[in-house]
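Have a look at target-v8.pdb below; it lists PDB, C-alpha atoms and all ligand atoms.
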ATOM      1  CA  MET A   1      76.007 129.053 108.214
ATOM      2  CA  ASP A   2      79.717 128.188 107.940
ATOM      3  CA  ARG A   3      79.605 124.493 107.246
ATOM      4  CA  VAL A   4      77.295 122.015 105.455
ATOM      5  CA  GLU A   5      77.480 118.242 105.248
ATOM      6  CA  LEU A   6      75.945 116.483 102.279
ATOM      7  CA  LYS A   7      75.378 113.009 100.910
ATOM      8  CA  ALA A   8      76.018 112.818  97.171
ATOM      9  CA  MET A   9      74.025 109.754  96.104
ATOM     10  CA  GLY A  10      74.965 107.502  93.203
ATOM     11  CA  LYS A  11      72.545 106.298  90.548
ATOM     12  CA  ILE A  12      71.805 103.270  88.442
ATOM     13  CA  ASN A  13      69.958 103.127  85.130
ATOM     14  CA  LEU A  14      66.955 100.815  85.240
ATOM     15  CA  GLY A  15      66.779 101.541  81.528
ATOM     16  CA  LEU A  16      69.190 103.203  79.122
ATOM     17  CA  ASP A  17      68.387 103.688  75.458
ATOM     18  CA  VAL A  18      70.238 105.821  72.923
ATOM     19  CA  LEU A  19      67.992 107.324  70.274
ATOM     20  CA  LYS A  20      70.263 109.326  67.992
ATOM     21  CA  LYS A  21      73.439 111.351  67.746
ATOM     22  CA  ARG A  22      73.243 115.137  67.561
ATOM     23  CA  GLU A  23      75.496 117.152  65.259
ATOM     24  CA  ASN A  24      77.399 118.493  68.270
ATOM     25  CA  GLY A  25      78.352 114.925  69.232
ATOM     26  CA  TYR A  26      75.908 114.601  72.140
ATOM     27  CA  HIS A  27      73.433 111.725  72.067
ATOM     28  CA  ASP A  28      69.689 111.827  72.596
ATOM     29  CA  VAL A  29      68.923 109.310  75.280
ATOM     30  CA  ARG A  30      65.911 107.881  77.073
ATOM     31  CA  MET A  31      66.827 106.627  80.513
ATOM     32  CA  VAL A  32      65.065 105.542  83.685
ATOM     33  CA  MET A  33      67.313 106.790  86.479
ATOM     34  CA  GLN A  34      67.216 105.511  90.051
ATOM     35  CA  THR A  35      69.098 106.859  93.072
ATOM     36  CA  VAL A  36      70.795 104.235  95.229
ATOM     37  CA  TYR A  37      71.879 104.486  98.842
ATOM     38  CA  LEU A  38      75.607 104.512  98.124
ATOM     39  CA  TYR A  39      77.004 107.981  98.577
ATOM     40  CA  ASP A  40      80.036 110.232  98.722
ATOM     41  CA  GLN A  41      80.149 112.185 101.963
ATOM     42  CA  ILE A  42      80.874 115.868 101.335
ATOM     43  CA  ALA A  43      81.657 118.630 103.825
ATOM     44  CA  LEU A  44      81.681 122.233 102.623
ATOM     45  CA  SER A  45      83.047 124.943 104.873
ATOM     46  CA  LYS A  46      84.052 128.581 104.697
ATOM     47  CA  LYS A  47      87.717 129.381 105.267
ATOM     48  CA  ARG A  48      89.540 132.640 105.951
ATOM     49  CA  THR A  49      91.978 132.515 103.062
ATOM     50  CA  PRO A  50      90.474 133.076  99.610
ATOM     51  CA  GLY A  51      90.203 130.344  96.955
ATOM     52  CA  ILE A  52      88.718 126.873  96.747
ATOM     53  CA  ASP A  53      90.525 123.805  97.937
ATOM     54  CA  VAL A  54      89.556 120.174  97.696
ATOM     55  CA  GLU A  55      90.687 117.342  99.923
ATOM     56  CA  THR A  56      89.822 113.721  99.119
ATOM     57  CA  ASN A  57      90.531 110.144 100.201
ATOM     58  CA  LEU A  58      91.357 109.021  96.630
ATOM     59  CA  PHE A  59      94.896 110.030  95.671
ATOM     60  CA  PHE A  60      94.251 109.765  91.915
ATOM     61  CA  LEU A  61      91.441 112.313  91.727
ATOM     62  CA  PRO A  62      92.213 115.826  90.501
ATOM     63  CA  LEU A  63      91.923 118.590  93.122
ATOM     64  CA  ASP A  64      91.671 121.533  90.709
ATOM     65  CA  GLU A  65      89.119 122.628  88.098
ATOM     66  CA  ASN A  66      89.231 119.090  86.677
ATOM     67  CA  ASN A  67      87.304 117.987  89.752
ATOM     68  CA  LEU A  68      83.568 118.458  89.249
ATOM     69  CA  ALA A  69      83.053 119.407  92.903
ATOM     70  CA  TYR A  70      85.630 122.192  92.518
ATOM     71  CA  ARG A  71      84.006 123.396  89.284
ATOM     72  CA  ALA A  72      80.564 123.511  90.885
ATOM     73  CA  ALA A  73      81.875 125.679  93.736
ATOM     74  CA  ARG A  74      83.833 127.913  91.323
ATOM     75  CA  MET A  75      80.765 128.456  89.151
ATOM     76  CA  LEU A  76      78.607 129.811  91.994
ATOM     77  CA  ALA A  77      81.472 131.688  93.670
ATOM     78  CA  ASP A  78      82.164 133.575  90.419
ATOM     79  CA  GLU A  79      78.524 134.296  89.616
ATOM     80  CA  PHE A  80      77.682 135.537  93.120
ATOM     81  CA  HIS A  81      81.024 137.290  93.786
ATOM     82  CA  ILE A  82      81.641 135.165  96.866
ATOM     83  CA  THR A  83      84.860 136.331  98.475
ATOM     84  CA  ASP A  84      85.104 133.767 101.313
ATOM     85  CA  GLY A  85      87.410 130.857 100.699
ATOM     86  CA  ILE A  86      85.749 127.425 100.387
ATOM     87  CA  HIS A  87      87.094 124.134 101.675
ATOM     88  CA  ILE A  88      85.617 120.922 100.226
ATOM     89  CA  VAL A  89      86.202 117.536 101.838
ATOM     90  CA  LEU A  90      85.207 114.721  99.524
ATOM     91  CA  ASP A  91      84.994 111.241 101.013
ATOM     92  CA  LYS A  92      84.499 109.139  97.877
ATOM     93  CA  ARG A  93      82.596 105.858  98.191
ATOM     94  CA  ILE A  94      80.800 105.745  94.852
ATOM     95  CA  PRO A  95      83.113 103.841  92.479
ATOM     96  CA  VAL A  96      84.900 106.209  90.055
ATOM     97  CA  SER A  97      84.437 105.930  86.271
ATOM     98  CA  ALA A  98      81.840 103.304  86.933
ATOM     99  CA  GLY A  99      78.581 104.412  85.274
ATOM    100  CA  MET A 100      77.153 105.601  88.600
ATOM    101  CA  ALA A 101      77.508 109.363  88.026
ATOM    102  CA  GLY A 102      79.745 109.851  91.067
ATOM    103  CA  GLY A 103      81.328 113.069  89.798
ATOM    104  CA  SER A 104      77.941 114.492  88.772
ATOM    105  CA  ALA A 105      76.494 113.612  92.183
ATOM    106  CA  ASP A 106      79.350 115.497  93.860
ATOM    107  CA  ALA A 107      78.780 118.534  91.626
ATOM    108  CA  ALA A 108      75.049 118.460  92.382
ATOM    109  CA  ALA A 109      75.674 118.246  96.122
ATOM    110  CA  VAL A 110      78.144 121.155  96.043
ATOM    111  CA  LEU A 111      75.671 123.351  94.087
ATOM    112  CA  TYR A 112      72.964 122.467  96.603
ATOM    113  CA  GLY A 113      75.252 123.039  99.593
ATOM    114  CA  MET A 114      76.668 126.354  98.321
ATOM    115  CA  ASN A 115      73.098 127.578  97.782
ATOM    116  CA  GLN A 116      72.360 126.798 101.444
ATOM    117  CA  MET A 117      75.637 127.971 102.961
ATOM    118  CA  PHE A 118      75.653 131.353 101.211
ATOM    119  CA  GLY A 119      71.855 131.846 101.208
ATOM    120  CA  LEU A 120      71.767 132.323  97.423
ATOM    121  CA  GLY A 121      68.027 131.622  97.206
ATOM    122  CA  LEU A 122      68.242 129.585  93.988
ATOM    123  CA  THR A 123      65.335 127.247  93.221
ATOM    124  CA  GLU A 124      65.858 123.613  92.211
ATOM    125  CA  SER A 125      65.360 124.451  88.541
ATOM    126  CA  GLU A 126      67.785 127.389  88.777
ATOM    127  CA  LEU A 127      70.385 125.024  90.248
ATOM    128  CA  GLN A 128      69.686 122.519  87.463
ATOM    129  CA  LYS A 129      70.176 125.166  84.749
ATOM    130  CA  ARG A 130      73.632 125.826  86.154
ATOM    131  CA  GLY A 131      74.318 122.131  86.763
ATOM    132  CA  VAL A 132      73.805 121.060  83.157
ATOM    133  CA  LYS A 133      76.811 123.194  82.187
ATOM    134  CA  LEU A 134      78.924 120.875  84.339
ATOM    135  CA  GLY A 135      77.493 117.619  82.986
ATOM    136  CA  ALA A 136      74.345 116.093  81.498
ATOM    137  CA  ASP A 137      73.611 114.004  84.631
ATOM    138  CA  VAL A 138      73.988 116.879  87.124
ATOM    139  CA  PRO A 139      70.343 118.117  86.872
ATOM    140  CA  TYR A 140      69.152 114.588  87.649
ATOM    141  CA  CYS A 141      71.563 114.315  90.578
ATOM    142  CA  ILE A 142      69.989 117.507  91.972
ATOM    143  CA  MET A 143      66.471 116.057  91.605
ATOM    144  CA  ARG A 144      67.147 112.385  92.569
ATOM    145  CA  GLY A 145      64.610 109.537  92.878
ATOM    146  CA  THR A 146      62.990 107.528  90.063
ATOM    147  CA  VAL A 147      63.051 109.763  86.996
ATOM    148  CA  LEU A 148      62.731 109.580  83.194
ATOM    149  CA  ALA A 149      65.656 111.477  81.651
ATOM    150  CA  GLU A 150      65.454 112.506  77.996
ATOM    151  CA  GLY A 151      67.227 114.976  75.708
ATOM    152  CA  ILE A 152      70.912 114.602  76.586
ATOM    153  CA  GLY A 153      69.747 113.453  80.025
ATOM    154  CA  GLU A 154      68.666 116.862  81.313
ATOM    155  CA  GLU A 155      64.933 116.772  80.443
ATOM    156  CA  LEU A 156      63.502 115.234  83.582
ATOM    157  CA  THR A 157      60.093 113.751  84.367
ATOM    158  CA  PRO A 158      59.589 112.271  87.851
ATOM    159  CA  LEU A 159      58.135 108.747  87.730
ATOM    160  CA  THR A 160      56.285 106.627  90.287
ATOM    161  CA  GLN A 161      58.913 105.506  92.816
ATOM    162  CA  CYS A 162      60.418 102.113  92.193
ATOM    163  CA  PRO A 163      59.079  99.535  94.686
ATOM    164  CA  ARG A 164      61.524  98.560  97.427
ATOM    165  CA  CYS A 165      64.098  95.898  96.701
ATOM    166  CA  TYR A 166      67.788  95.221  97.331
ATOM    167  CA  VAL A 167      70.392  96.336  94.841
ATOM    168  CA  LEU A 168      73.682  94.490  94.504
ATOM    169  CA  LEU A 169      76.374  96.592  92.830
ATOM    170  CA  ALA A 170      79.627  95.145  91.497
ATOM    171  CA  LYS A 171      82.281  97.147  89.691
ATOM    172  CA  PRO A 172      84.840  94.951  87.949
ATOM    173  CA  PRO A 173      88.415  96.306  87.776
ATOM    174  CA  VAL A 174      88.283  97.495  84.161
ATOM    175  CA  ASN A 175      88.347 101.055  82.920
ATOM    176  CA  VAL A 176      85.636 102.048  80.533
ATOM    177  CA  SER A 177      85.761 105.356  78.687
ATOM    178  CA  THR A 178      82.245 106.781  78.286
ATOM    179  CA  ARG A 179      83.357 108.624  75.135
ATOM    180  CA  LEU A 180      84.695 105.451  73.492
ATOM    181  CA  VAL A 181      81.598 103.448  74.409
ATOM    182  CA  TYR A 182      79.381 105.994  72.634
ATOM    183  CA  GLU A 183      81.754 106.135  69.641
ATOM    184  CA  LYS A 184      81.639 102.355  69.276
ATOM    185  CA  PHE A 185      77.879 102.394  69.754
ATOM    186  CA  ASP A 186      77.579 104.813  66.814
ATOM    187  CA  SER A 187      79.376 102.359  64.559
ATOM    188  CA  LEU A 188      77.093  99.404  65.447
ATOM    189  CA  SER A 189      74.774  98.520  62.575
ATOM    190  CA  ALA A 190      71.770  97.304  64.581
ATOM    191  CA  CYS A 191      70.991  96.171  68.095
ATOM    192  CA  GLU A 192      68.120  95.394  70.407
ATOM    193  CA  HIS A 193      66.727  98.350  72.354
ATOM    194  CA  PRO A 194      65.374  98.130  75.910
ATOM    195  CA  ASP A 195      61.669  98.548  76.610
ATOM    196  CA  ILE A 196      61.707 101.882  78.452
ATOM    197  CA  ASP A 197      57.909 102.232  78.296
ATOM    198  CA  GLY A 198      57.591  98.706  79.727
ATOM    199  CA  ILE A 199      59.711  99.751  82.731
ATOM    200  CA  ILE A 200      57.450 102.780  83.242
ATOM    201  CA  ASP A 201      54.363 100.501  83.064
ATOM    202  CA  GLY A 202      55.948  98.315  85.753
ATOM    203  CA  LEU A 203      56.584 101.358  87.947
ATOM    204  CA  ASN A 204      52.952 102.407  87.577
ATOM    205  CA  LYS A 205      51.829  98.865  88.461
ATOM    206  CA  GLN A 206      54.350  98.813  91.375
ATOM    207  CA  ASP A 207      55.368  95.357  90.171
ATOM    208  CA  ILE A 208      59.066  94.714  90.804
ATOM    209  CA  LYS A 209      59.064  91.443  88.812
ATOM    210  CA  TRP A 210      57.586  93.217  85.797
ATOM    211  CA  ILE A 211      60.150  96.008  86.093
ATOM    212  CA  ALA A 212      63.043  93.578  86.527
ATOM    213  CA  SER A 213      62.023  91.607  83.458
ATOM    214  CA  ARG A 214      62.240  94.777  81.349
ATOM    215  CA  ILE A 215      65.339  96.561  82.656
ATOM    216  CA  GLY A 216      67.954  96.929  79.935
ATOM    217  CA  ASN A 217      70.915  98.944  78.731
ATOM    218  CA  VAL A 218      71.608  99.354  75.021
ATOM    219  CA  LEU A 219      75.296 100.140  75.719
ATOM    220  CA  GLU A 220      75.873  96.535  76.853
ATOM    221  CA  ASN A 221      76.048  95.756  73.129
ATOM    222  CA  VAL A 222      79.407  97.553  73.144
ATOM    223  CA  THR A 223      80.872  96.919  76.584
ATOM    224  CA  ILE A 224      80.157  93.198  76.974
ATOM    225  CA  GLN A 225      82.004  92.434  73.726
ATOM    226  CA  GLU A 226      84.965  94.316  75.102
ATOM    227  CA  TYR A 227      84.736  93.167  78.736
ATOM    228  CA  PRO A 228      83.172  89.690  79.080
ATOM    229  CA  VAL A 229      83.539  89.998  82.880
ATOM    230  CA  ILE A 230      80.374  92.147  82.784
ATOM    231  CA  GLU A 231      78.385  89.187  81.417
ATOM    232  CA  GLU A 232      80.018  86.858  83.957
ATOM    233  CA  ILE A 233      78.923  89.076  86.851
ATOM    234  CA  LYS A 234      75.390  89.310  85.456
ATOM    235  CA  ASN A 235      75.246  85.512  85.249
ATOM    236  CA  VAL A 236      76.453  85.023  88.821
ATOM    237  CA  MET A 237      73.839  87.494  90.100
ATOM    238  CA  LYS A 238      71.055  85.777  88.148
ATOM    239  CA  SER A 239      72.130  82.280  89.189
ATOM    240  CA  LYS A 240      72.148  83.471  92.815
ATOM    241  CA  GLY A 241      68.578  84.690  92.759
ATOM    242  CA  ALA A 242      68.578  88.170  91.211
ATOM    243  CA  LEU A 243      65.289  88.994  89.509
ATOM    244  CA  ASN A 244      67.548  90.385  86.778
ATOM    245  CA  ALA A 245      70.962  92.030  86.411
ATOM    246  CA  ILE A 246      72.277  94.582  83.901
ATOM    247  CA  MET A 247      75.057  97.145  83.488
ATOM    248  CA  SER A 248      74.583 100.736  84.682
ATOM    249  CA  GLY A 249      75.373 103.771  82.485
ATOM    250  CA  SER A 250      78.357 103.211  80.217
ATOM    251  CA  GLY A 251      79.643 100.653  82.694
ATOM    252  CA  PRO A 252      81.369  98.705  83.922
ATOM    253  CA  THR A 253      79.258  98.514  87.144
ATOM    254  CA  VAL A 254      76.673  95.736  87.051
ATOM    255  CA  PHE A 255      73.638  95.818  89.324
ATOM    256  CA  GLY A 256      71.220  93.064  90.267
ATOM    257  CA  LEU A 257      67.748  93.490  91.785
ATOM    258  CA  PHE A 258      66.903  91.147  94.658
ATOM    259  CA  GLU A 259      63.777  90.643  96.757
ATOM    260  CA  GLU A 260      65.796  89.221  99.665
ATOM    261  CA  ARG A 261      68.844  90.770 101.264
ATOM    262  CA  SER A 262      70.296  87.332 102.165
ATOM    263  CA  ARG A 263      70.366  86.327  98.501
ATOM    264  CA  ALA A 264      72.017  89.602  97.489
ATOM    265  CA  ARG A 265      74.680  88.981 100.149
ATOM    266  CA  GLU A 266      75.289  85.429  98.920
ATOM    267  CA  ALA A 267      75.703  86.682  95.368
ATOM    268  CA  ALA A 268      78.112  89.357  96.616
ATOM    269  CA  GLY A 269      80.170  86.661  98.337
ATOM    270  CA  LYS A 270      80.304  84.572  95.175
ATOM    271  CA  ILE A 271      81.427  87.539  93.047
ATOM    272  CA  ARG A 272      84.234  88.264  95.503
ATOM    273  CA  GLU A 273      85.192  84.592  95.763
ATOM    274  CA  LEU A 274      85.456  84.310  91.964
ATOM    275  CA  LYS A 275      87.493  87.558  92.011
ATOM    276  CA  LEU A 276      85.225  89.124  89.392
ATOM    277  CA  ALA A 277      85.074  92.387  91.353
ATOM    278  CA  LYS A 278      86.407  93.827  94.600
ATOM    279  CA  GLN A 279      84.067  96.800  94.760
ATOM    280  CA  VAL A 280      80.846  94.993  95.695
ATOM    281  CA  TYR A 281      78.001  96.579  97.698
ATOM    282  CA  VAL A 282      74.557  95.473  98.848
ATOM    283  CA  THR A 283      72.327  98.514  99.096
ATOM    284  CA  THR A 284      68.783  99.732  98.501
ATOM    285  CA  MET A 285      67.064 102.271  96.311
ATOM    286  CA  HIS A 286      66.865 105.753  97.753
ATOM    287  CA  HIS A 287      63.600 107.625  97.387
ATOM    288  CA  ALA A 288      63.637 110.883  99.290
ATOM    289  CA  ARG A 289      63.855 113.887  97.017
ATOM    290  CA  ARG A 290      65.794 116.958  98.150
ATOM    291  CA  LYS A 291      63.558 119.438  99.987
TER     292      LYS A 291
HETATM  293  P1  LIG B 301      78.799 108.632  84.475
HETATM  294  O1  LIG B 301      77.934 107.613  85.128
HETATM  295  O2  LIG B 301      78.195 110.012  84.467
HETATM  296  O3  LIG B 301      79.387 108.179  83.179
HETATM  297  P2  LIG B 301      81.126 107.839  85.790
HETATM  298  O4  LIG B 301      80.701 106.998  86.933
HETATM  299  O5  LIG B 301      81.533 107.118  84.562
HETATM  300  O6  LIG B 301      80.012 108.871  85.464
HETATM  301  P3  LIG B 301      82.668 109.610  87.419
HETATM  302  O7  LIG B 301      83.121 108.755  88.543
HETATM  303  O8  LIG B 301      81.579 110.566  87.668
HETATM  304  O9  LIG B 301      82.361 108.690  86.160
HETATM  305  O10 LIG B 301      83.883 110.459  86.841
HETATM  306  C1  LIG B 301      85.009 109.845  86.349
HETATM  307  C2  LIG B 301      86.025 110.842  85.799
HETATM  308  O11 LIG B 301      85.791 112.168  86.231
HETATM  309  C3  LIG B 301      87.403 110.487  86.271
HETATM  310  O12 LIG B 301      88.266 110.677  85.180
HETATM  311  C4  LIG B 301      87.720 111.470  87.368
HETATM  312  O13 LIG B 301      89.069 111.799  87.429
HETATM  313  C5  LIG B 301      86.884 112.678  86.989
HETATM  314  N1  LIG B 301      86.326 113.379  88.151
HETATM  315  C6  LIG B 301      86.257 114.698  88.308
HETATM  316  N2  LIG B 301      85.678 115.035  89.456
HETATM  317  C7  LIG B 301      85.342 113.898  90.063
HETATM  318  C8  LIG B 301      84.707 113.597  91.297
HETATM  319  N3  LIG B 301      84.309 114.562  92.132
HETATM  320  N4  LIG B 301      84.497 112.299  91.603
HETATM  321  C9  LIG B 301      84.882 111.323  90.744
HETATM  322  N5  LIG B 301      85.508 111.555  89.588
HETATM  323  C10 LIG B 301      85.737 112.823  89.235
END
Output the file's structure in the form of structure tokens.
Ligand code: ATP
Amino acid sequence: MDRVELKAMGKINLGLDVLKKRENGYHDVRMVMQTVYLYDQIALSKKRTPGIDVETNLFFLPLDENNLAYRAARMLADEFHITDGIHIVLDKRIPVSAGMAGGSADAAAVLYGMNQMFGLGLTESELQKRGVKLGADVPYCIMRGTVLAEGIGEELTPLTQCPRCYVLLAKPPVNVSTRLVYEKFDSLSACEHPDIDGIIDGLNKQDIKWIASRIGNVLENVTIQEYPVIEEIKNVMKSKGALNAIMSGSGPTVFGLFEERSRAREAAGKIRELKLAKQVYVTTMHHARRK
């Protein structure tokens, strides 16, 4: 096999809670992760000349070891003494620095694709053990679906799939640093925590209204103060018929859950019209796990 094409799917957090800070600076989290059908298209191919090169549609992304896709390929090439050169084409569609784990999804897809292309025979959990060295969300991006993520995000328990609904994503044009969000979160005295167990109950009941009424992200306590546009987008989504709307990850992407596609589209139009965000997508949840 000389070439593999992959879809690196983005994620949202139906729930994100931060439990405590570890001495090494990492945080213990409890998150309900959900894959969405918005993906980066990746093509991996062997090339005659040695080395790894990355080509992408976004001029501002690094093409060297600072790119997670590059690092994923490098990691397996070094470990398995792969001498072929590797060419990676990365067509980015998942918003960057958005709280949707785009970089981690790319890394996961490259690990998965390298395993196939070079017949390395690694199991999913062997890929995940390598993936966590690249980022806490990479093991989840290898697993995909509706999953409870604990520890630093790498302890994964598959959950009952989220019932079908439409997901409206809107990324406002502000840059949020994940590191700073967590630092500011650490200095907060008290805040309300989301009901992660309530979300899991809703998944077990397969009740989208129940789930929507409990989705929540503790990091909004930091980011909304800093970027009120996040609250504005949430309000537009809710006023346009979303069952609920919250921020994903450390932001700034906001997602709303809708029962009807037409309502999600109307809300998308309103967000664009008010110029709250340009990167606006109506999509669905993605359920298939990797084989
Ligand atoms: P998370 O949800 O895990 O916080 P994120 O959505 O905030 O992730 P990403 O888009 O995954 O952030 O990554 C953003 C940063 O990582 C940028 O500084 C970018 O330059 C760098 N980066 C490295 N590799 C990639 C990649 N393959 N795709 C996107 N960003 C990448």
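If you apply the PyMOL selection byres (((not hetatm)) within 6 of (chain B and resi 301)) to this structure, you end up with Leu61, Pro62, Asn66, Asn67, Leu68, Ala69, Val96, Ser97, Ala98, Gly99, Met100, Ala101, Gly102, Gly103, Ser104, Asp106, Thr178, Gly249 and Ser250 of chain A.
Coordinates place CA of Ile152 in chain A at a distance of 17.9 Å from CA of Glu126 in chain A.
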Apply the PyMOL selection byres (((chain A and resi 13-26) around 6) and not hetatm) to the displayed file and report the matching residues as an NGL selection string. :A and (12 or 27-33 or 196 or 215-218 or 248)
Atoms to include: C-alpha atoms. Write the selected residues as a short mmCIF file (atom, residue, chain, number, x, y, z; two decimals), in the coordinates of the input.
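Written file, again-v1.cif:
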data_model
loop_
_atom_site.label_atom_id
_atom_site.label_comp_id
_atom_site.auth_asym_id
_atom_site.auth_seq_id
_atom_site.Cartn_x
_atom_site.Cartn_y
_atom_site.Cartn_z
CA ILE A 12 71.81 103.27 88.44
CA HIS A 27 73.43 111.72 72.07
CA ASP A 28 69.69 111.83 72.60
CA VAL A 29 68.92 109.31 75.28
CA ARG A 30 65.91 107.88 77.07
CA MET A 31 66.83 106.63 80.51
CA VAL A 32 65.06 105.54 83.68
CA MET A 33 67.31 106.79 86.48
CA ILE A 196 61.71 101.88 78.45
CA ILE A 215 65.34 96.56 82.66
CA GLY A 216 67.95 96.93 79.94
CA ASN A 217 70.92 98.94 78.73
CA VAL A 218 71.61 99.35 75.02
CA SER A 248 74.58 100.74 84.68
#
Mind checking which residues fall within 10 Å of Lys238 in chain A, counting only C-alpha atoms, ignoring those fewer than 4 positions away in the same chain, and posting them as a short mmCIF file (atom, residue, chain, number, x, y, z; two decimals) with C-alpha atoms, keeping the file's coordinate frame?
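Here's the written file selection_28.cif:
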data_model
loop_
_atom_site.label_atom_id
_atom_site.label_comp_id
_atom_site.auth_asym_id
_atom_site.auth_seq_id
_atom_site.Cartn_x
_atom_site.Cartn_y
_atom_site.Cartn_z
CA GLU A 232 80.02 86.86 83.96
CA ILE A 233 78.92 89.08 86.85
CA LYS A 234 75.39 89.31 85.46
CA ALA A 242 68.58 88.17 91.21
CA LEU A 243 65.29 88.99 89.51
CA ASN A 244 67.55 90.38 86.78
CA ALA A 245 70.96 92.03 86.41
CA ILE A 246 72.28 94.58 83.90
CA GLY A 256 71.22 93.06 90.27
CA LEU A 257 67.75 93.49 91.78
CA PHE A 258 66.90 91.15 94.66
CA ALA A 267 75.70 86.68 95.37
#
Could you list, as a PDB file with C-alpha atoms, in the coordinates of the input, every residue within 9 Å of range 220-224 of chain A, counting only C-alpha atoms and ignoring same-chain residues fewer than 2 positions away?
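Okay, this is what ended up in around.pdb:
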ATOM      1  CA  VAL A 176      85.636 102.048  80.533  1.00  0.00           C
ATOM      2  CA  VAL A 181      81.598 103.448  74.409  1.00  0.00           C
ATOM      3  CA  TYR A 182      79.381 105.994  72.634  1.00  0.00           C
ATOM      4  CA  LYS A 184      81.639 102.355  69.276  1.00  0.00           C
ATOM      5  CA  PHE A 185      77.879 102.394  69.754  1.00  0.00           C
ATOM      6  CA  LEU A 188      77.093  99.404  65.447  1.00  0.00           C
ATOM      7  CA  CYS A 191      70.991  96.171  68.095  1.00  0.00           C
ATOM      8  CA  GLU A 192      68.120  95.394  70.407  1.00  0.00           C
ATOM      9  CA  GLY A 216      67.954  96.929  79.935  1.00  0.00           C
ATOM     10  CA  ASN A 217      70.915  98.944  78.731  1.00  0.00           C
ATOM     11  CA  VAL A 218      71.608  99.354  75.021  1.00  0.00           C
ATOM     12  CA  GLU A 226      84.965  94.316  75.102  1.00  0.00           C
ATOM     13  CA  TYR A 227      84.736  93.167  78.736  1.00  0.00           C
ATOM     14  CA  PRO A 228      83.172  89.690  79.080  1.00  0.00           C
ATOM     15  CA  VAL A 229      83.539  89.998  82.880  1.00  0.00           C
ATOM     16  CA  ILE A 230      80.374  92.147  82.784  1.00  0.00           C
ATOM     17  CA  GLU A 231      78.385  89.187  81.417  1.00  0.00           C
ATOM     18  CA  ILE A 246      72.277  94.582  83.901  1.00  0.00           C
ATOM     19  CA  MET A 247      75.057  97.145  83.488  1.00  0.00           C
ATOM     20  CA  SER A 248      74.583 100.736  84.682  1.00  0.00           C
ATOM     21  CA  SER A 250      78.357 103.211  80.217  1.00  0.00           C
ATOM     22  CA  GLY A 251      79.643 100.653  82.694  1.00  0.00           C
ATOM     23  CA  PRO A 252      81.369  98.705  83.922  1.00  0.00           C
TER      24      PRO A 252
END
As a check of understanding, name the residues that the PyMOL selection byres (((chain A and resi 56) around 9) and not hetatm) selects in the supplied structure, as a VMD selection string. chain A and resid 54 to 55 57 to 59 61 63 88 to 92
Which of these residues is nearest to Phe255 in chain A, using all atoms listed in the file: A:Lys11, A:His87, A:Arg3, A:His81? A:Lys11
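Nearest-residue note for Asp201 in chain A: choosing from A:Pro172, A:Ala72, A:Arg214, A:Ile271, the minimum distance belongs to A:Arg214, counting only C-alpha atoms.
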At a cut-off of 8 Å from (59.0, 115.1, 85.7) in the coordinates of the file, what residues are picked up using only C-alpha atoms, written as a CSV table (one decimal) with C-alpha atoms, in the coordinates of the input?
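part_34.csv written:
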chain,number,residue,atom,x,y,z
A,147,VAL,CA,63.1,109.8,87.0
A,148,LEU,CA,62.7,109.6,83.2
A,156,LEU,CA,63.5,115.2,83.6
A,157,THR,CA,60.1,113.8,84.4
A,158,PRO,CA,59.6,112.3,87.9
A,159,LEU,CA,58.1,108.7,87.7
